[in-house]
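J.: Got a structure for you, questions after.
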Amino acid sequence: MFNSDARSSATPGGKSELRGDGAIRRKNPLGSTIEQTYAGALSFLRRNYTRDLTNVDVAITGIPLDLATTYRPGARFGPQGIREASAQAGKRKSYPEGIDIFADLAVVDYGDCWFDLGQPHTIPRAIETHAKEIIDQNVFLLSLGGDHYVTYPLLKAHVSRHGKPLSLIQFDAHCDTWPDKNPHSLNHGSMFYYAVSEGLIDPHTSIQVGIRTFNDDFMGVKILDAEWVHQHSSTDVAEEIRNRVGNNPTYLTFDIDCLDPAFAPGTGTPVCGGLTMAQSIAILRQLGSINYVGMDIVEVSPPYDQSNITGLAAATLGYRFLCLLRNKKIIDNAFPFGNYKK
């Protein structure tokens with residue numbers, strides 16, 4: 001005999017009377033709903049699909065751009081693929097903590113950034129404006145790419161709110177600081193060249209993890225290449241990251257190609273020898289003290305994926321990001337975000 005009470009105790013939303021389609025039926029941004037993982041409205045982690053940011057801590061948004069890719073396209077389908085894979089990622093309480101993070105952290109899915117693909121010169125400003133609409137309401141923004149170029153206008157939006165320069169934590173196979181003298185280029189290999197050059201990020205308090213492609217000039221950003229990560233423990237990696245960024249306002253960006261192609265085949269520029277998901281999760285779980293101001297996950301390309309394992313990896317990383325933010329709010333009492341009306 002199936003014990004529904006046992007399911008309720010282990011499953012977020014067990015005490016809710018709603019069953020299914022919580023993304024469009026749930027009234028409160030807090031809480032969860034029992035869902036069929038194979039059916040229903042697909043928001044990220046089944047969060048409320050809304051642009052009402054009242055009483056919201058974190059907004060998820062998609063940036064469906066892949067015009068800046070230099071090899072395989074398809075990242076425009078990334079937000080959609082990550083949302084689909086996320087249907088099961090938040091079904092249970094967090095492991096190993098056993099916490100329903102959405103009982104404490106008010107998260108909504110804001111939908112996708114709209115821009116005109118036929119007018120590519122207008123896209124960076126459209127992304128920046130879209131992000132500012134959220135950030136300026138004191139809501140934390142977690143963005144789903146899209147190719148990695150999207151981080152450049154997102155950084156501009158965050159700097160306009162928090163001041164510059166920001167520190168950067170970048171998980172990636174590529175440094176993305178290759179020089180490009182044309183400021184109007186849509187190039188996912190040069191946006192951090194722009195960001196350093198324009199003072200958006202401070203290279204001396206920034207760090208790149210998992211790098212395994214060469215550049216003549218890393219512009220002063222500290223590199224923990226993939227070989228170094230493999231030769232050291234997750235504790236060593238996390239310590240290097242924390243020491244580098246300190247308590248500076250920090251933007252976290254995770255290019256899914258930081259993972260080895262065995263764990264993330266669905267990406268535009270895969271590079272062998274990368275991190276495993278186990279390594280990535282273990283490192284992230286030790287980065288709770290960072291002073292985060294924004295986050296993104298980029299370069300998921302569903303057309304090149306197999307059984308949606310890349311989408312699942314990205315959704316899992318997104319969930320772990322939210323666990324960090326939940327703990328900063330509830331345990332550390334150090335989460336200055338939230339659009340709460342008195």
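Naming works like this for the structure tokens: A, B, ... for the chains as they're shown, residue 1 at the start of each chain, ligands 1 onward in shown order.
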Within 7 Å of A:Ala264, counting only C-alpha atoms, which residues qualify if same-chain residues fewer than 5 places away don't, as a list in words?

T.: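 Returned residues: Ile256, Asp257, Leu259, Ile309 and Thr310 of chain A.
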
J.: Give the strand (DSSP E) residues of stretch 76-130 of chain A, as DSSP finds them on the backbone, and put them as number ranges by chain.

T.: A: 107-112

J.: Neighbours of stretch 196-205 of chain A within 8 Å (only C-alpha atoms; same-chain residues fewer than 2 positions away dropped), as an MDAnalysis selection string?

T.: chainID A and resid 155:156 159 164:168 192:194 207 219:222 244:246 248

J.: For A:Val300, list every protein, DNA or RNA residue within 10 Å, evaluated using only C-alpha atoms, and leave out those in the same chain fewer than 2 positions away; present the list as a PyMOL selection string.

T.: chain A and resi 73-82+144-148+255-257+264-268+297-298+302-305+310-311+313-314

J.: Apply DSSP to the backbone of this structure and, from stretch 40-260 of chain A, keep only the residues in helix (DSSP H, G or I); write these as a PyMOL selection string.

T.: chain A and resi 44-46+75-89+101-103+120-135+148-162+191-197+203-205+226-231+234-245+256-258

J.: Excluding stretch 124-130 of chain A and its own-chain neighbours fewer than 4 positions away, which residues fall within 7 Å of it when counting only C-alpha atoms? Please give them as an MDAnalysis selection string.

T.: chainID A and resid 113 115 153:154 156:157

J.: Which distance in Å separates atom CA of A:Gly40 and atom CA of A:Met295, to one decimal?

T.: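 These two atoms are separated by 26.8 Å.
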
J.: Would you pick out the contacts of A:Ser94 at 9 Å or less, using only C-alpha atoms, so that residues sharing its chain but fewer than 6 positions from it are not included, and give the list as a PDB file with N, CA, C and O atoms, in the first residue's frame?

T.:
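Saved as selection_11.pdb:
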ATOM      1  N   ASP A 100      13.821  21.611   1.656  1.00  0.00           N
ATOM      2  CA  ASP A 100      12.959  22.153   0.615  1.00  0.00           C
ATOM      3  C   ASP A 100      13.329  23.624   0.467  1.00  0.00           C
ATOM      4  O   ASP A 100      12.846  24.475   1.217  1.00  0.00           O
ATOM      5  N   ILE A 101      14.213  23.927  -0.458  1.00  0.00           N
ATOM      6  CA  ILE A 101      14.745  25.292  -0.542  1.00  0.00           C
ATOM      7  C   ILE A 101      13.663  26.301  -0.895  1.00  0.00           C
ATOM      8  O   ILE A 101      13.766  27.481  -0.539  1.00  0.00           O
ATOM      9  N   TYR A 319      20.073  24.421  -9.725  1.00  0.00           N
ATOM     10  CA  TYR A 319      19.492  24.070  -8.426  1.00  0.00           C
ATOM     11  C   TYR A 319      20.517  24.261  -7.310  1.00  0.00           C
ATOM     12  O   TYR A 319      20.200  24.797  -6.245  1.00  0.00           O
ATOM     13  N   ARG A 320      21.767  23.833  -7.566  1.00  0.00           N
ATOM     14  CA  ARG A 320      22.809  24.015  -6.563  1.00  0.00           C
ATOM     15  C   ARG A 320      23.094  25.507  -6.322  1.00  0.00           C
ATOM     16  O   ARG A 320      23.363  25.926  -5.196  1.00  0.00           O
ATOM     17  N   CYS A 323      20.523  26.634  -3.967  1.00  0.00           N
ATOM     18  CA  CYS A 323      20.809  26.147  -2.615  1.00  0.00           C
ATOM     19  C   CYS A 323      21.778  27.092  -1.911  1.00  0.00           C
ATOM     20  O   CYS A 323      21.612  27.389  -0.711  1.00  0.00           O
TER      21      CYS A 323
END

J.: Check which residues of stretch 12-99 of chain A sit at most 12 Å from stretch 330-341 of chain A using only C-alpha atoms, and return one row each with the closest pair of atoms and their distance in Å to one decimal, ordered by chain and rising number, as a Markdown table.

T.:
| residue | atom | partner | partner_atom | distance |
| --- | --- | --- | --- | --- |
| A:Pro29 | CA | A:Asn339 | CA | 11.6 |
| A:Asp52 | CA | A:Asn339 | CA | 10.1 |
| A:Leu53 | CA | A:Asn339 | CA | 6.6 |
| A:Thr54 | CA | A:Asn339 | CA | 5.6 |
| A:Asn55 | CA | A:Tyr340 | CA | 4.4 |
| A:Val56 | CA | A:Asn339 | CA | 5.4 |
| A:Asp57 | CA | A:Gly338 | CA | 4.1 |
| A:Val58 | CA | A:Gly338 | CA | 7.3 |
| A:Ala59 | CA | A:Gly338 | CA | 9.9 |
| A:Ile99 | CA | A:Ile330 | CA | 11.5 |

J.: Residues at most 8 Å from stretch 185-187 of chain A, counting only C-alpha atoms, excluding those fewer than 3 positions away in the same chain, as a ChimeraX atom specification?

T.: /A:67-70,149,180,182,190-191

J.: Could you save those same residues with C-alpha atoms as an mmCIF file, in the first residue's frame?

T.:
data_model
loop_
_atom_site.group_PDB
_atom_site.id
_atom_site.type_symbol
_atom_site.label_atom_id
_atom_site.label_comp_id
_atom_site.auth_asym_id
_atom_site.auth_seq_id
_atom_site.Cartn_x
_atom_site.Cartn_y
_atom_site.Cartn_z
ATOM 1 C CA LEU A 67 24.490 34.316 -32.910
ATOM 2 C CA ALA A 68 27.877 34.724 -31.200
ATOM 3 C CA THR A 69 28.969 31.092 -31.462
ATOM 4 C CA THR A 70 32.129 30.284 -33.416
ATOM 5 C CA TYR A 149 28.358 36.319 -25.074
ATOM 6 C CA ASP A 180 38.796 41.693 -30.398
ATOM 7 C CA ASN A 182 35.728 45.768 -32.615
ATOM 8 C CA SER A 190 36.028 37.868 -26.392
ATOM 9 C CA MET A 191 33.365 39.183 -24.004
#

J.: Between A:Arg285, A:His188, A:Arg47, A:His158, which has the minimum distance to A:Gly22 (counting only C-alpha atoms)?

T.: A:Arg47

J.: For the atom pair atom CA of A:Pro64 and atom CA of A:Asp112, what is the interatomic distance in Å to one decimal place?

T.: 7.2 Å

J.: For A:Leu287, which residue out of A:Arg25, A:Gly318, A:Lys328, A:Ser32 is the nearest one, using only C-alpha atoms?

T.: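 Counting only C-alpha atoms, the residue closest to A:Leu287 is A:Lys328.
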
J.: Just give me the gap between atom CA of A:Gly294 and atom CA of A:Val150 in Å, one decimal is fine.

T.: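 Computing it gives 13.0 Å between the two atoms.
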